[in-house]
Every structure is written in C-alpha cells, then in structure tokens.
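Heads up, the thing below is written out as structure tokens.
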Amino acid sequence: MKMKMKLLFVSIVMVMMSVPGVTTFFREPTTTSSTWTTARPAVNLNGKMFTLSSDGGGISFYPPSTTTPTPETTTEWTTTNYETTTEITTTPENTPTPETTTEWTTTNYETTTTPRTTPLSTTGLSVCLAYLTDSSTVLFKLFPSSSYPMTLETDSGVFYSLTWDGYYSKTFKPNVQFWPGGFSPDIWTRVCVTMDSVKNVGQVFSGSNMSVRKRLRYPFPQGQEPVINVPGFDGQLTDVQMWDYPLNYREIIQYMSPSTYGPSRGSVLTWSHISYSLNEDALLEDTYEI
C-alpha cells in the first residue's frame, strides 16, 4: 500500500511541477542585503611605535575623514535564496526526509568616495614626528600622490633638507637653543617642520634647538589629501602629528616635552586617532618604556 505525504509551504506565489511519483514546490525568492567598506578604522597609537626597514618597510598615515591613498570602495550585495522541497511517494519501510536545495547568486555594486577637492589651509602647515635611526634618510613625503611630494630628509640628524615641486629645496640646521631650560632626557629625536604660507618662511625644530627661519622663494604646494608616507628606514617611528597651520613656540615646546606638558594633538593627523597602511616589512610594537 502506498502512502503520500505532503508538505505545504506558504508563499505569495507557488508553482507546482509534477513528474511521475514526484511533486516539487518552488517558494518565492527571499532577499537579504548587507554592506561593507574597505576603509581602515582609526586607531589610538599612544604607547605604540613602528619598527621600519630600509628594505621595503615603510608606512603611510592618513586621517579617518579622508580617502585612503587608494580610493575607498564600497560594495553592496544582494543574495537571493531559492528553496525547493520535493514530495516523494514512498513505502513505510523507507521514508526519506524531503530534499531541500539552496542556490544563491551575488550581485556587486561598487562605488568610490569623492576625494578632497580643496587645499588644507591658506596659512601653512606643520608636521612633527619622533624617530630613531643611525643613518641619513628620507623621514617622510607629504602629499605622496602628487607628482612632486614635499619631502623632508635628514643628514644624520644634523641637517634637514626640505624639497618640493621636484627641485625647490632648502636646508635647515637646528643648532640654536630656543628653550634655555632644555627638556627632560628623551631617547627620541623629535623633529617639527613648520611652513608659513602667509609670510612664505620655513623652519625646523629638533629637541630644544631650532634652525633659523628661512624665506622660501617659491611657495610650497597645498595638497588635496593630507597623507604622510614614510618610505622606510632602519629604526623606529612614533608620535606623528600634522597641523594645517604653522605652530607657535608654545606648541612646539609642548610637542618636544609631552611628559611635562602633555601630549600634542594635530589638527589634521593625530597619533591618538589615525589610520595607517603598512608595507610588508614594517612592524607595530609597544614603545620603549624609560
């Protein structure tokens, strides 16, 4: 004696297809949606440093509010599930569980963010960082996506060369003590470079010393994306900050002695809320504890 067992699925539309001994029901597709983004989240790097390498161990920093060096891509997808249930005529001795199959398709829609289209500021900029190295090196490149990024290079911490627009260059020697009391001992070489676009002058500070202020014959570029790229050197890097104006002496002193005056916070990039992208040979570590 044959038995027939029926399983009914409620749906808006049902289509029934029959073959000898088999009845199949198709349910209307159900749809779910999700969204994700490739933007890297901002992190607090206080108490952290990066160990870099001259052999491909660089790093890029950028503020969370702007696009990454590669424009951010947002992808949305819709997944449609098709469920089928098959009713089979069986005998009591062999009653199989109704077969269910699921198929899905994925459709991707990609969009990109719009990059910044206005310059950072009309008054100038300042970049500060702390580093350890035993060689001459390029410390950073500002606006690396431009044809001629602004580059700061050091000659063993004695001279600092600032280059922009490909061939305009100025060399600074911070050998004038601007803070007579000095600062507490620090293992880091702390450097700040300030550019004043109103007066068209530049200056470099290192520890409690400063260079003379130098007139810049040609104006420095105002990039669209405030990205700092460190190509990589053998040593460590920490406390990267950037402002969209030239720092005054009090702000310089605060950066040079954070243990006394508290940590600095850049108006464009700040170490406590920053995004970054590592090259394969760079390493994030806890900073030295003195």
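Each chain in the structure tokens gets a letter, A, B and so on, in the order shown; residues start at 1 in every chain, and ligands are counted from 1 in the order they appear.
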
Q: Using only C-alpha atoms, determine which residues lie at most 7 Å from range 43-58 of chain A, disregarding the query and same-chain residues fewer than 5 positions distant; provide the list as a PyMOL selection string.
A: chain A and resi 230-238+271-275+278-287

**Q.** Spatial neighbours of Ser208 in chain A, max dist 6 Å, only C-alpha atoms, sep filter under 3 positions, as a list in words
**A.**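 Counting only C-alpha atoms, the residues come to Gln177, Trp179 and Gly182 of chain A.
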
Q.
If we count only C-alpha atoms and set the cut-off at 10 Å, which residues sit around range 203-206 of chain A, ignoring sequence neighbours fewer than 3 positions away in its own chain? Please answer as an MDAnalysis selection string.
A. chainID A and resid 126:130 157:162 170:178 189:196 209:215 246 249 252:253 256

**Q.** Separation of CA of Val240 in chain A from CA of Arg217 in chain A in Å
**A.** 27.6 Å

Q.
One decimal, in Å: what's the spacing between CA of Glu251 in chain A and CA of Tyr148 in chain A?
A.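 Taking CA of Glu251 in chain A as the start and CA of Tyr148 in chain A as the end point, the length is 28.8 Å.
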
Q.
Quick check, in Å to one decimal: how far apart do CA of Leu132 in chain A and CA of Asp155 in chain A lie?
A. 13.0 Å

Q | Neighbour list for Ser257 in chain A as a PyMOL selection string, cut-off 9 Å, only C-alpha atoms, skip fewer than 4 positions in-chain | A | chain A and resi 183-184+186+207+252-253+261-263

Counting only C-alpha atoms, what are the residues of range 236-257 of chain A within 6 Å of range 264-267 of chain A, and for each of them which pair of atoms is the nearest and at what distance in Å, to one decimal? Sort the table by chain and rising number, as JSON lines.
{"residue": "A:Gln241", "atom": "CA", "partner": "A:Gly266", "partner_atom": "CA", "distance": 4.9}
{"residue": "A:Met242", "atom": "CA", "partner": "A:Gly266", "partner_atom": "CA", "distance": 4.9}
{"residue": "A:Trp243", "atom": "CA", "partner": "A:Ser267", "partner_atom": "CA", "distance": 4.7}
{"residue": "A:Tyr255", "atom": "CA", "partner": "A:Ser264", "partner_atom": "CA", "distance": 5.5}

What would the file look like if the residues just selected were written as a compact mmCIF listing (two decimals), in the first residue's frame with C-alpha atoms?
# COMPACT_ATOMS: atom_id res chain seq x y z
CA GLN A 241 51.22 64.76 14.14
CA MET A 242 50.15 67.25 11.47
CA TRP A 243 48.52 70.69 11.65
CA TYR A 255 55.35 68.52 21.44
